[in-house]
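Have a look at target02.csv; it's CSV, C-alpha atoms and all ligand atoms:
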```
chain,number,residue,atom,x,y,z
A,1465,MET,CA,17.2,7.1,-94.8
A,1466,PRO,CA,18.3,10.7,-94.7
A,1467,ASP,CA,22.0,11.7,-95.2
A,1468,THR,CA,23.8,12.5,-92.0
A,1469,ILE,CA,26.5,15.1,-91.9
A,1470,HIS,CA,28.8,15.5,-89.0
A,1471,PHE,CA,29.6,19.2,-88.8
A,1472,THR,CA,32.6,20.8,-87.0
A,1473,ARG,CA,32.4,24.5,-87.8
A,1474,GLN,CA,33.8,26.5,-84.9
A,1475,VAL,CA,32.7,30.1,-85.8
A,1476,PRO,CA,29.1,30.6,-86.9
A,1477,ASP,CA,28.5,32.3,-90.3
A,1478,PRO,CA,26.7,35.6,-89.5
A,1479,GLY,CA,24.6,35.6,-92.7
A,1480,PHE,CA,23.6,31.9,-92.6
A,1481,ILE,CA,19.9,30.8,-92.3
A,1482,MET,CA,19.2,27.1,-92.1
A,1483,LYS,CA,17.3,25.5,-95.1
A,1484,ARG,CA,13.9,24.0,-94.8
A,1485,ASN,CA,15.1,20.5,-95.7
A,1486,GLN,CA,17.6,20.6,-92.9
A,1487,ILE,CA,17.5,19.2,-89.3
A,1488,TRP,CA,20.3,20.3,-87.1
A,1489,LYS,CA,21.3,18.2,-84.0
A,1490,ILE,CA,23.6,18.7,-81.1
A,1491,TYR,CA,24.4,16.2,-78.3
A,1492,GLY,CA,25.6,16.9,-74.8
A,1493,THR,CA,24.5,17.6,-71.3
A,1494,ASP,CA,24.9,21.4,-71.1
A,1495,PHE,CA,21.4,21.9,-72.5
A,1496,LYS,CA,21.3,25.7,-72.3
A,1497,ALA,CA,24.7,26.3,-73.9
A,1498,ASN,CA,23.9,23.7,-76.6
A,1499,THR,CA,20.6,25.4,-77.4
A,1500,VAL,CA,22.3,28.7,-77.8
A,1501,ARG,CA,24.9,27.2,-80.0
A,1502,LEU,CA,22.2,25.5,-82.2
A,1503,LEU,CA,20.4,28.8,-82.6
A,1504,GLU,CA,23.6,30.7,-83.5
A,1505,GLU,CA,24.5,28.1,-86.1
A,1506,THR,CA,21.1,27.9,-87.7
A,1507,GLY,CA,20.7,31.7,-87.9
A,1508,LEU,CA,17.5,32.1,-85.9
A,1509,ALA,CA,17.9,35.9,-85.4
A,1510,GLN,CA,18.4,36.5,-89.2
A,1511,MET,CA,15.4,34.3,-89.8
A,1512,ILE,CA,13.1,36.4,-87.5
A,1513,GLY,CA,14.5,39.7,-88.9
A,1514,ASP,CA,12.5,42.6,-87.4
A,1515,ARG,CA,13.4,43.1,-83.7
A,1516,LYS,CA,9.9,44.4,-83.0
A,1517,LYS,CA,8.2,41.1,-83.8
A,1518,ARG,CA,6.2,39.4,-81.0
A,1519,ILE,CA,7.8,36.0,-80.4
A,1520,GLY,CA,5.9,33.1,-78.9
A,1521,ILE,CA,7.7,30.1,-77.3
A,1522,LYS,CA,5.5,27.0,-77.0
A,1523,PRO,CA,7.0,24.3,-74.7
A,1524,ASN,CA,5.4,21.1,-73.7
A,1525,LEU,CA,4.0,21.2,-70.1
A,1526,VAL,CA,1.5,18.5,-70.5
A,1527,VAL,CA,1.7,17.4,-66.9
A,1528,PRO,CA,3.3,18.8,-63.7
A,1529,SER,CA,6.3,16.6,-63.9
A,1530,PRO,CA,10.0,17.6,-64.1
A,1531,ALA,CA,11.6,17.2,-67.5
A,1532,GLU,CA,13.8,14.3,-66.4
A,1533,PHE,CA,10.8,12.0,-66.3
A,1534,GLY,CA,10.4,12.3,-70.1
A,1535,ALA,CA,7.2,14.2,-70.6
A,1536,THR,CA,7.9,18.0,-70.4
A,1537,THR,CA,10.3,20.4,-72.1
A,1538,HIS,CA,13.6,21.0,-70.3
A,1539,PRO,CA,13.5,24.5,-68.9
A,1540,GLU,CA,17.2,24.9,-69.8
A,1541,ILE,CA,16.2,24.8,-73.5
A,1542,VAL,CA,13.7,27.6,-73.1
A,1543,ALA,CA,16.1,29.6,-71.0
A,1544,GLY,CA,18.7,29.2,-73.8
A,1545,ILE,CA,16.2,30.4,-76.4
A,1546,ILE,CA,15.2,33.4,-74.3
A,1547,GLU,CA,18.8,34.3,-73.6
A,1548,TYR,CA,19.7,34.1,-77.3
A,1549,LEU,CA,16.7,36.2,-78.3
A,1550,GLN,CA,17.3,38.9,-75.7
A,1551,ARG,CA,21.0,39.0,-76.6
A,1552,ASN,CA,20.0,39.6,-80.2
A,1553,GLY,CA,17.7,42.5,-79.4
A,1554,PHE,CA,14.3,40.8,-79.3
A,1555,GLU,CA,12.2,42.1,-76.4
A,1556,GLN,CA,8.6,41.0,-77.0
A,1557,ILE,CA,8.7,37.4,-75.9
A,1558,VAL,CA,5.9,35.3,-74.4
A,1559,VAL,CA,5.9,31.7,-73.3
A,1560,ALA,CA,2.4,30.1,-73.9
A,1561,GLU,CA,1.2,26.6,-72.9
A,1562,GLY,CA,-1.7,24.7,-71.4
A,1563,SER,CA,-1.5,21.3,-69.7
A,1564,TRP,CA,-3.6,18.4,-70.8
A,1565,VAL,CA,-7.3,18.0,-69.7
A,1566,GLY,CA,-7.1,16.8,-66.1
A,1567,ASP,CA,-4.1,18.7,-64.9
A,1568,ARG,CA,-3.6,22.4,-64.2
A,1569,THR,CA,-1.0,24.4,-66.2
A,1570,SER,CA,-0.4,26.5,-63.0
A,1571,GLU,CA,1.0,23.4,-61.3
A,1572,ALA,CA,3.2,22.5,-64.2
A,1573,TYR,CA,4.5,26.1,-64.4
A,1574,GLU,CA,5.8,25.8,-60.9
A,1575,ILE,CA,7.0,22.2,-60.9
A,1576,CYS,CA,8.6,22.2,-64.3
A,1577,GLY,CA,10.7,25.3,-63.5
A,1578,TYR,CA,9.0,27.8,-65.7
A,1579,ARG,CA,8.1,30.3,-63.0
A,1580,GLY,CA,11.8,30.6,-62.3
A,1581,ILE,CA,12.7,31.2,-65.9
A,1582,CYS,CA,9.9,33.7,-66.6
A,1583,GLU,CA,10.8,35.7,-63.5
A,1584,GLN,CA,14.5,35.6,-64.2
A,1585,TYR,CA,14.2,36.8,-67.8
A,1586,ASN,CA,11.1,39.0,-67.2
A,1587,VAL,CA,9.1,37.2,-69.8
A,1588,ARG,CA,5.3,36.8,-69.7
A,1589,PHE,CA,3.7,33.4,-69.3
A,1590,VAL,CA,0.3,32.7,-70.8
A,1591,ASP,CA,-1.7,29.8,-69.4
A,1592,THR,CA,-3.9,28.8,-72.3
A,1593,GLN,CA,-6.3,27.0,-69.9
A,1594,LYS,CA,-7.3,30.5,-68.8
A,1595,GLU,CA,-7.2,32.3,-72.1
A,1596,LYS,CA,-10.3,33.5,-74.0
A,1597,TRP,CA,-10.7,32.0,-77.4
A,1598,HIS,CA,-12.2,32.4,-80.8
A,1599,THR,CA,-13.3,30.3,-83.7
A,1600,THR,CA,-11.2,30.2,-86.8
A,1601,ASP,CA,-11.6,28.5,-90.2
A,1602,CYS,CA,-8.7,26.1,-90.6
A,1603,ALA,CA,-8.8,24.9,-94.2
A,1604,GLY,CA,-12.5,24.1,-94.1
A,1605,MET,CA,-12.6,23.0,-90.4
A,1606,LYS,CA,-13.8,25.4,-87.7
A,1607,LEU,CA,-11.5,25.2,-84.7
A,1608,ASN,CA,-11.5,27.1,-81.5
A,1609,LEU,CA,-8.1,28.7,-80.7
A,1610,THR,CA,-6.9,30.7,-77.7
A,1611,ASN,CA,-6.5,34.4,-78.4
A,1612,ILE,CA,-2.7,34.3,-77.8
A,1613,THR,CA,-2.3,32.6,-81.2
A,1614,ASP,CA,-3.3,36.0,-82.8
A,1615,GLU,CA,-0.8,37.9,-80.8
A,1616,ILE,CA,2.3,36.1,-82.0
A,1617,ASP,CA,4.3,37.1,-85.1
A,1618,PHE,CA,6.9,34.3,-84.9
A,1619,LEU,CA,6.2,31.0,-83.1
A,1620,ILE,CA,9.1,28.9,-81.8
A,1621,ASN,CA,7.7,25.4,-81.0
A,1622,VAL,CA,9.7,23.4,-78.4
A,1623,PRO,CA,8.2,20.0,-78.3
A,1624,VAL,CA,9.4,16.8,-76.6
A,1625,MET,CA,10.0,14.0,-79.0
A,1626,LYS,CA,8.2,11.1,-77.3
A,1627,GLY,CA,5.6,8.4,-77.7
A,1628,HIS,CA,1.9,8.9,-77.3
A,1629,CYS,CA,-0.8,6.4,-76.2
A,1630,GLN,CA,-3.1,7.2,-79.1
A,1631,THR,CA,-1.1,8.7,-81.9
A,1632,LYS,CA,2.1,6.6,-81.3
A,1633,VAL,CA,4.4,9.6,-81.9
A,1634,THR,CA,4.1,13.2,-80.7
A,1635,CYS,CA,6.6,15.9,-81.6
A,1636,ALA,CA,6.2,19.2,-83.6
A,1637,LEU,CA,2.7,19.0,-85.1
A,1638,LYS,CA,0.8,17.7,-82.1
A,1639,ASN,CA,2.5,20.0,-79.6
A,1640,LEU,CA,0.4,22.9,-80.9
A,1641,LYS,CA,-2.6,21.3,-79.3
A,1642,GLY,CA,-1.5,23.0,-76.1
A,1643,LEU,CA,-2.6,26.3,-77.6
A,1644,LEU,CA,-6.3,25.2,-77.5
A,1645,PRO,CA,-8.8,25.8,-74.7
A,1646,ASN,CA,-9.4,22.7,-72.6
A,1647,ARG,CA,-12.8,22.1,-74.1
A,1648,GLU,CA,-11.4,22.1,-77.6
A,1649,LYS,CA,-8.7,19.6,-76.7
A,1650,SER,CA,-11.5,17.2,-75.6
A,1651,ARG,CA,-13.5,18.0,-78.8
A,1652,PHE,CA,-10.5,17.1,-81.0
A,1653,HIS,CA,-10.8,13.5,-79.7
A,1654,THR,CA,-14.4,13.4,-80.8
A,1655,MET,CA,-13.2,14.5,-84.3
A,1656,GLY,CA,-10.7,11.7,-84.6
A,1657,LEU,CA,-7.7,13.6,-83.4
A,1658,HIS,CA,-5.6,13.3,-86.5
A,1659,LYS,CA,-7.6,15.5,-88.9
A,1660,PRO,CA,-8.0,18.5,-86.5
A,1661,ILE,CA,-4.3,18.3,-85.6
A,1662,ALA,CA,-3.4,18.6,-89.2
A,1663,HIS,CA,-5.9,21.4,-89.9
A,1664,LEU,CA,-4.8,23.3,-86.9
A,1665,GLN,CA,-1.4,23.8,-88.6
A,1666,THR,CA,-3.1,25.9,-91.4
A,1667,ALA,CA,-4.1,28.6,-88.8
A,1668,VAL,CA,-1.1,28.4,-86.4
A,1669,ARG,CA,2.2,28.5,-88.3
A,1670,GLN,CA,5.2,27.2,-86.4
A,1671,ASP,CA,8.2,29.2,-87.8
A,1672,PHE,CA,11.0,27.5,-85.9
A,1673,ILE,CA,11.2,24.2,-84.0
A,1674,VAL,CA,13.6,23.2,-81.2
A,1675,VAL,CA,13.1,19.6,-80.4
A,1676,ASP,CA,13.8,18.3,-76.9
A,1677,HIS,CA,15.2,14.8,-77.6
A,1678,ILE,CA,17.0,14.7,-74.3
A,1679,CYS,CA,15.0,11.9,-72.5
A,1680,GLY,CA,11.5,11.5,-73.9
A,1681,ASP,CA,9.4,8.5,-72.9
A,1682,MET,CA,8.9,6.3,-76.0
A,1683,ASP,CA,5.5,5.1,-75.0
A,1684,PHE,CA,3.7,7.4,-72.6
A,1685,GLU,CA,3.3,11.2,-73.2
A,1686,GLU,CA,3.0,11.7,-69.5
A,1687,GLY,CA,6.5,10.2,-69.0
A,1688,GLY,CA,7.8,7.8,-66.4
A,1689,ASN,CA,10.1,5.8,-68.6
A,1690,PRO,CA,12.7,8.3,-70.0
A,1691,VAL,CA,15.1,7.2,-72.7
A,1692,VAL,CA,18.2,9.3,-72.4
A,1693,ARG,CA,19.7,10.6,-75.7
A,1694,ASN,CA,20.8,14.2,-74.6
A,1695,CYS,CA,20.0,15.5,-78.0
A,1696,ILE,CA,18.5,18.9,-79.1
A,1697,MET,CA,17.4,19.4,-82.7
A,1698,ALA,CA,16.4,22.5,-84.7
A,1699,ALA,CA,14.3,22.6,-87.8
A,1700,THR,CA,11.7,24.7,-89.7
A,1701,ASP,CA,9.5,22.1,-91.3
A,1702,PRO,CA,7.2,20.4,-88.8
A,1703,VAL,CA,6.2,17.6,-91.1
A,1704,LEU,CA,9.8,16.8,-91.9
A,1705,THR,CA,10.6,17.0,-88.1
A,1706,ASP,CA,7.8,14.6,-87.3
A,1707,SER,CA,8.8,12.3,-90.1
A,1708,TYR,CA,12.3,12.2,-88.7
A,1709,ALA,CA,10.9,11.5,-85.2
A,1710,CYS,CA,9.0,8.6,-86.7
A,1711,TYR,CA,12.2,7.3,-88.3
A,1712,LEU,CA,14.1,7.5,-85.0
A,1713,MET,CA,11.2,5.8,-83.1
A,1714,GLY,CA,10.7,2.9,-85.6
A,1715,TYR,CA,7.5,4.1,-87.3
A,1716,THR,CA,6.8,5.4,-90.8
A,1717,PRO,CA,4.7,8.6,-91.5
A,1718,ASP,CA,2.0,6.3,-92.9
A,1719,GLU,CA,1.4,5.0,-89.4
A,1720,ILE,CA,0.7,8.4,-88.0
A,1721,PRO,CA,-2.3,9.8,-90.1
A,1722,TYR,CA,-1.9,13.5,-89.0
A,1723,ILE,CA,1.6,13.7,-90.5
A,1724,ARG,CA,0.3,12.6,-94.0
A,1725,LEU,CA,-2.7,14.9,-93.6
A,1726,ALA,CA,-0.6,17.9,-92.8
A,1727,GLU,CA,1.6,17.1,-95.8
A,1728,SER,CA,-1.5,17.0,-98.0
A,1729,LEU,CA,-2.5,20.5,-96.6
A,1730,GLY,CA,0.8,21.9,-97.7
A,1731,ILE,CA,2.4,22.3,-94.3
A,1732,GLY,CA,5.6,20.5,-95.2
A,1733,THR,CA,7.1,17.3,-96.6
A,1734,THR,CA,7.7,13.8,-95.4
A,1735,ASP,CA,10.5,13.3,-97.9
A,1736,LEU,CA,13.4,12.2,-95.6
A,1737,ASP,CA,15.5,11.2,-98.7
A,1738,ALA,CA,15.8,14.9,-99.6
A,1739,ALA,CA,16.6,15.9,-96.0
A,1740,ASP,CA,20.0,16.9,-94.6
A,1741,ILE,CA,20.6,15.8,-91.0
A,1742,ILE,CA,23.5,17.9,-89.7
A,1743,THR,CA,25.1,17.0,-86.4
A,1744,LEU,CA,27.1,19.7,-84.6
A,1745,GLN,CA,30.1,18.8,-82.5
A,1746,SER,CA,29.3,19.7,-78.9
A,1747,GLY,CA,31.6,21.3,-76.4
A,1748,ALA,CA,35.0,19.9,-75.6
A,1749,GLY,CA,33.9,18.4,-72.3
A,1750,ASP,CA,31.3,16.3,-74.0
A,1751,THR,CA,33.6,13.8,-75.7
A,1752,ALA,CA,31.1,10.9,-75.3
A,1753,PHE,CA,28.7,12.7,-77.6
A,1754,ASN,CA,31.3,13.5,-80.1
A,1755,ASN,CA,31.8,9.8,-80.8
A,1756,PRO,CA,30.1,9.1,-84.2
A,1757,SER,CA,28.9,5.7,-83.1
A,1758,PHE,CA,26.7,7.3,-80.5
A,1759,PHE,CA,24.7,9.1,-83.1
A,1760,GLU,CA,23.6,5.8,-84.7
A,1761,GLU,CA,22.3,4.3,-81.5
A,1762,GLU,CA,18.7,3.1,-81.9
A,1763,LEU,CA,15.9,3.9,-79.7
A,1764,PRO,CA,14.0,1.0,-78.0
A,1765,ARG,CA,11.1,-0.2,-80.0
A,1766,GLU,CA,9.0,-2.1,-77.4
A,1767,HIS,CA,5.8,-0.3,-78.2
A,1768,LYS,CA,4.4,-1.3,-74.8
A,1769,LEU,CA,0.9,0.2,-75.6
A,1770,LEU,CA,0.1,-2.4,-78.2
A,1771,GLU,CA,0.5,-5.1,-75.6
A,1772,VAL,CA,-2.2,-3.8,-73.3
A,1773,SER,CA,-4.5,-1.9,-75.6
A,1774,TYR,CA,-6.6,-5.0,-76.3
A,1775,ALA,CA,-8.0,-4.7,-72.7
A,1776,VAL,CA,-9.5,-1.3,-73.5
A,1777,ASP,CA,-12.7,-0.3,-75.3
A,1778,ALA,CA,-12.0,3.4,-76.1
A,1779,VAL,CA,-14.4,5.7,-77.9
A,1780,ASP,CA,-13.2,9.3,-78.3
A,1781,SER,CA,-11.1,9.2,-75.2
A,1782,CYS,CA,-9.1,12.2,-74.0
A,1783,SER,CA,-5.4,11.6,-73.8
A,1784,ALA,CA,-5.2,12.1,-70.0
A,1785,CYS,CA,-7.9,9.4,-69.3
A,1786,TYR,CA,-6.5,7.0,-71.9
A,1787,ALA,CA,-2.8,7.4,-70.9
A,1788,ASN,CA,-3.4,6.9,-67.3
A,1789,LEU,CA,-5.4,3.7,-68.0
A,1790,VAL,CA,-2.9,2.1,-70.3
A,1791,GLY,CA,-0.1,3.1,-68.0
A,1792,ALA,CA,-1.9,1.3,-65.1
A,1793,LEU,CA,-2.6,-1.7,-67.3
A,1794,TRP,CA,1.1,-1.9,-68.3
A,1795,ARG,CA,2.1,-1.9,-64.6
A,1796,LEU,CA,-0.5,-4.7,-64.0
A,1797,ARG,CA,0.9,-6.6,-66.9
A,1798,GLU,CA,4.4,-6.3,-65.4
A,1799,GLU,CA,3.2,-7.7,-62.1
A,1800,GLY,CA,1.4,-10.6,-63.8
A,1801,LEU,CA,-2.1,-9.3,-62.8
A,1802,ILE,CA,-3.6,-8.1,-66.0
A,1803,ASP,CA,-5.5,-11.4,-66.7
A,1804,ARG,CA,-7.3,-11.1,-63.4
A,1805,ILE,CA,-9.3,-8.0,-64.2
A,1806,PRO,CA,-12.6,-8.1,-66.3
A,1807,LYS,CA,-12.2,-6.8,-69.8
A,1808,PRO,CA,-12.8,-4.7,-71.8
A,1809,ILE,CA,-12.6,-1.5,-69.7
A,1810,GLY,CA,-14.7,1.3,-71.1
A,1811,ILE,CA,-13.4,4.8,-71.6
A,1812,GLY,CA,-14.0,8.0,-73.6
A,1813,GLN,CA,-16.5,10.6,-74.4
A,1814,GLY,CA,-18.3,8.2,-76.7
A,1815,MET,CA,-19.3,6.2,-73.6
A,1816,GLN,CA,-21.5,8.9,-72.2
A,1817,GLY,CA,-25.0,7.6,-71.5
A,1818,LYS,CA,-23.9,4.0,-72.1
A,1819,THR,CA,-23.7,1.1,-69.7
A,1820,GLY,CA,-21.0,-1.6,-69.0
A,1821,LYS,CA,-19.1,-3.4,-66.3
A,1822,ILE,CA,-16.0,-1.3,-65.6
A,1823,GLY,CA,-15.4,2.3,-66.9
A,1824,ILE,CA,-12.8,5.0,-66.3
A,1825,GLY,CA,-13.6,8.7,-66.1
A,1826,LYS,CA,-17.0,10.4,-65.6
A,1827,CYS,CA,-18.0,9.8,-69.1
A,1828,THR,CA,-18.6,6.2,-67.9
A,1829,ALA,CA,-20.8,7.2,-65.0
A,1830,GLY,CA,-23.5,4.8,-66.2
A,1831,PHE,CA,-21.2,1.7,-65.8
A,1832,ASP,CA,-21.6,-0.7,-63.0
A,1833,VAL,CA,-18.2,0.3,-61.6
A,1834,CYS,CA,-16.9,3.8,-62.6
A,1835,ILE,CA,-13.6,5.3,-61.4
A,1836,MET,CA,-14.2,9.0,-61.8
A,1837,GLY,CA,-10.7,10.5,-61.6
A,1838,ARG,CA,-10.1,14.3,-61.2
A,1839,ASP,CA,-13.0,16.6,-61.6
A,1840,ASN,CA,-11.5,19.2,-63.9
A,1841,CYS,CA,-11.5,17.3,-67.1
A,1842,GLY,CA,-14.1,19.5,-68.8
A,1843,SER,CA,-16.8,16.8,-69.3
A,1844,GLY,CA,-20.2,18.4,-69.2
A,1845,LYS,CA,-18.9,22.0,-69.2
A,1846,LYS,CA,-20.8,24.5,-71.2
A,1847,ASN,CA,-19.3,26.2,-74.2
A,1848,ARG,CA,-18.8,29.8,-73.0
A,1849,GLY,CA,-15.9,31.4,-74.8
A,1850,SER,CA,-13.4,31.0,-72.0
A,1851,GLU,CA,-12.1,28.2,-69.8
A,1852,ALA,CA,-11.2,30.6,-67.0
A,1901,LIG,S1,-13.9,11.6,-68.4
A,1901,LIG,FE1,-14.4,11.9,-70.5
A,1901,LIG,S2,-14.2,14.1,-70.9
A,1901,LIG,FE2,-13.2,13.6,-69.0
A,1901,LIG,S3,-11.0,13.3,-69.6
A,1901,LIG,FE3,-12.0,11.3,-69.6
A,1901,LIG,S4,-12.7,11.0,-71.7
A,1901,LIG,FE4,-12.3,13.1,-71.5
```
As structure tokens, please, write out the structure in this file.
Amino acid sequence: MPDTIHFTRQVPDPGFIMKRNQIWKIYGTDFKANTVRLLEETGLAQMIGDRKKRIGIKPNLVVPSPAEFGATTHPEIVAGIIEYLQRNGFEQIVVAEGSWVGDRTSEAYEICGYRGICEQYNVRFVDTQKEKWHTTDCAGMKLNLTNITDEIDFLINVPVMKGHCQTKVTCALKNLKGLLPNREKSRFHTMGLHKPIAHLQTAVRQDFIVVDHICGDMDFEEGGNPVVRNCIMAATDPVLTDSYACYLMGYTPDEIPYIRLAESLGIGTTDLDAADIITLQSGAGDTAFNNPSFFEEELPREHKLLEVSYAVDAVDSCSACYANLVGALWRLREEGLIDRIPKPIGIGQGMQGKTGKIGIGKCTAGFDVCIMGRDNCGSGKKNRGSEA
């Protein structure tokens, strides 16, 4: 259990830079103003230093769904980061992201409000689904990264803290998967997902993390069941950040293998006992969030996925396929219909060339009944150095 400090400083210390064992939090509904305040208090500009540095901002636009549904990063947070950076003299800013396999980033860019932000602040947006890519050695593992990863000097990761149908928790570490080309995202699943996520961190360093803990879905990464907490957090250690996310969501780092693997690769620490959790008082109008009892409120721990995963036979399934299936199964369970469908339902890249009764996605094309889904999932595409 980390120590919690309730912090009330009114005037930021201009020379202060947050420490690596710290996680700063602020509660409230003025998301842009609270983001700016968090960055001022934690000393982001001092941390970046040279105003000529190229700064990358990596939100989560996994699906074309507005942030209030619990899947994507609130655009107000990214607007707050850009405003803060521009006010402090940083001009080379790029926002980079790619949606999951099965959805198009260009749709999320519009629907999630990022076109508006990028045009308002005159900031470039890079769709990593359309970027060229190269192969990099990531601590003994060859991974394919989009070229934008080599054009960033300081990366600000802006994940949503939420549940995930396969890894249980997704926050800082897993969010970097959006910087991969589509085909590599699918390949990660054939490599067990956890190990490549951990190794990816050795080639793409996240220098600063702003966590959207406003209303993440605690079970499904594509959202739909938002749990409102109206909290934004700042940190610099992604392993510590994810360990704290586990703590809040009722898991331990031992239940999420990529967190322990990242720690073993020297990316950060899972030691929450040595962490300082610092809660800033929010603006005067947000009195509800300045009530200390609010901060201790627990997140729901239903873990819905565990109750329907028995119905699925998954081998190397991509997240989009798997998440849509278990989401549908959960709705069938709620309606009392789950026992009326034949089980198990086959899914995943490991099902290619196999037979069975019911399958989801074109990887199960050989099954008696196959529900294909959208056609842009990448299955069967050739490796050609660009997803464009
Ligand atoms: S059909 Fe296969 S390749 Fe396509 S998203 Fe599903 S599991 Fe991945």
For Glu1547 in chain A, list every protein, DNA or RNA residue within 12 Å, evaluated using all atoms listed in the file, and leave out those in the same chain fewer than 6 positions away; present the list as a short mmCIF file (atom, residue, chain, number, x, y, z; two decimals) with C-alpha atoms, keeping the file's coordinate frame.
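Once everything was written out, this is part27.cif:
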```cif
data_model
loop_
_atom_site.label_atom_id
_atom_site.label_comp_id
_atom_site.auth_asym_id
_atom_site.auth_seq_id
_atom_site.Cartn_x
_atom_site.Cartn_y
_atom_site.Cartn_z
CA LYS A 1496 21.30 25.70 -72.30
CA ALA A 1497 24.70 26.30 -73.90
CA THR A 1499 20.60 25.40 -77.40
CA VAL A 1500 22.30 28.70 -77.80
CA ARG A 1501 24.90 27.20 -80.00
CA LEU A 1503 20.40 28.80 -82.60
CA GLU A 1504 23.60 30.70 -83.50
CA ALA A 1509 17.90 35.90 -85.40
CA GLU A 1540 17.20 24.90 -69.80
CA ILE A 1541 16.20 24.80 -73.50
CA GLY A 1553 17.70 42.50 -79.40
CA PHE A 1554 14.30 40.80 -79.30
CA GLU A 1555 12.20 42.10 -76.40
CA ILE A 1557 8.70 37.40 -75.90
CA ILE A 1581 12.70 31.20 -65.90
CA CYS A 1582 9.90 33.70 -66.60
CA GLN A 1584 14.50 35.60 -64.20
CA TYR A 1585 14.20 36.80 -67.80
CA ASN A 1586 11.10 39.00 -67.20
CA VAL A 1587 9.10 37.20 -69.80
#
```
CA of Lys1516 in chain A to CA of Glu1574 in chain A measures 29.2 Å
Any residue with an atom at most 9 Å from ligand LIG 1901 (chain A) counts, using all atoms listed in the file. Which are they? Put them as a short mmCIF file (atom, residue, chain, number, x, y, z; two decimals) with C-alpha atoms, in the frame of the given file.
```
data_model
loop_
_atom_site.label_atom_id
_atom_site.label_comp_id
_atom_site.auth_asym_id
_atom_site.auth_seq_id
_atom_site.Cartn_x
_atom_site.Cartn_y
_atom_site.Cartn_z
CA VAL A 1565 -7.30 18.00 -69.70
CA GLY A 1566 -7.10 16.80 -66.10
CA ARG A 1647 -12.80 22.10 -74.10
CA SER A 1650 -11.50 17.20 -75.60
CA ARG A 1651 -13.50 18.00 -78.80
CA HIS A 1653 -10.80 13.50 -79.70
CA ALA A 1778 -12.00 3.40 -76.10
CA VAL A 1779 -14.40 5.70 -77.90
CA ASP A 1780 -13.20 9.30 -78.30
CA SER A 1781 -11.10 9.20 -75.20
CA CYS A 1782 -9.10 12.20 -74.00
CA SER A 1783 -5.40 11.60 -73.80
CA ALA A 1784 -5.20 12.10 -70.00
CA CYS A 1785 -7.90 9.40 -69.30
CA TYR A 1786 -6.50 7.00 -71.90
CA ILE A 1811 -13.40 4.80 -71.60
CA GLY A 1812 -14.00 8.00 -73.60
CA GLN A 1813 -16.50 10.60 -74.40
CA GLY A 1814 -18.30 8.20 -76.70
CA MET A 1815 -19.30 6.20 -73.60
CA GLN A 1816 -21.50 8.90 -72.20
CA ILE A 1824 -12.80 5.00 -66.30
CA GLY A 1825 -13.60 8.70 -66.10
CA LYS A 1826 -17.00 10.40 -65.60
CA CYS A 1827 -18.00 9.80 -69.10
CA THR A 1828 -18.60 6.20 -67.90
CA ALA A 1829 -20.80 7.20 -65.00
CA MET A 1836 -14.20 9.00 -61.80
CA GLY A 1837 -10.70 10.50 -61.60
CA ARG A 1838 -10.10 14.30 -61.20
CA ASP A 1839 -13.00 16.60 -61.60
CA ASN A 1840 -11.50 19.20 -63.90
CA CYS A 1841 -11.50 17.30 -67.10
CA GLY A 1842 -14.10 19.50 -68.80
CA SER A 1843 -16.80 16.80 -69.30
CA GLY A 1844 -20.20 18.40 -69.20
#
```
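In this structure, CA of Pro1660 in chain A sits 22.6 Å away from CA of Thr1536 in chain A.
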note - CA of Tyr1715 in chain A and CA of Val1703 in chain A are separated by 14.1 Å
Could range 1584-1590 of chain A be completed with N, CA, C and O atoms and written as a JSON list (two decimals), keeping the file's coordinate frame, please?
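Here's the written file selection-v2.json:
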```
[["chain", "number", "residue", "atom", "x", "y", "z"],
["A", 1584, "GLN", "N", 13.12, 35.23, -63.98],
["A", 1584, "GLN", "CA", 14.50, 35.60, -64.20],
["A", 1584, "GLN", "C", 14.73, 36.45, -65.44],
["A", 1584, "GLN", "O", 15.49, 37.41, -65.41],
["A", 1585, "TYR", "N", 14.01, 36.10, -66.51],
["A", 1585, "TYR", "CA", 14.20, 36.80, -67.80],
["A", 1585, "TYR", "C", 13.12, 37.88, -68.02],
["A", 1585, "TYR", "O", 13.10, 38.50, -69.08],
["A", 1586, "ASN", "N", 12.22, 38.04, -67.04],
["A", 1586, "ASN", "CA", 11.10, 39.00, -67.20],
["A", 1586, "ASN", "C", 10.31, 38.78, -68.43],
["A", 1586, "ASN", "O", 10.09, 39.69, -69.24],
["A", 1587, "VAL", "N", 9.87, 37.55, -68.58],
["A", 1587, "VAL", "CA", 9.10, 37.20, -69.80],
["A", 1587, "VAL", "C", 7.69, 36.74, -69.29],
["A", 1587, "VAL", "O", 7.54, 36.06, -68.27],
["A", 1588, "ARG", "N", 6.68, 37.13, -70.04],
["A", 1588, "ARG", "CA", 5.30, 36.80, -69.70],
["A", 1588, "ARG", "C", 4.97, 35.36, -69.96],
["A", 1588, "ARG", "O", 5.43, 34.81, -70.98],
["A", 1589, "PHE", "N", 4.20, 34.73, -69.08],
["A", 1589, "PHE", "CA", 3.70, 33.40, -69.30],
["A", 1589, "PHE", "C", 2.21, 33.41, -69.49],
["A", 1589, "PHE", "O", 1.49, 33.99, -68.67],
["A", 1590, "VAL", "N", 1.71, 32.79, -70.54],
["A", 1590, "VAL", "CA", 0.30, 32.70, -70.80],
["A", 1590, "VAL", "C", -0.20, 31.29, -70.58],
["A", 1590, "VAL", "O", 0.26, 30.37, -71.27]]
```
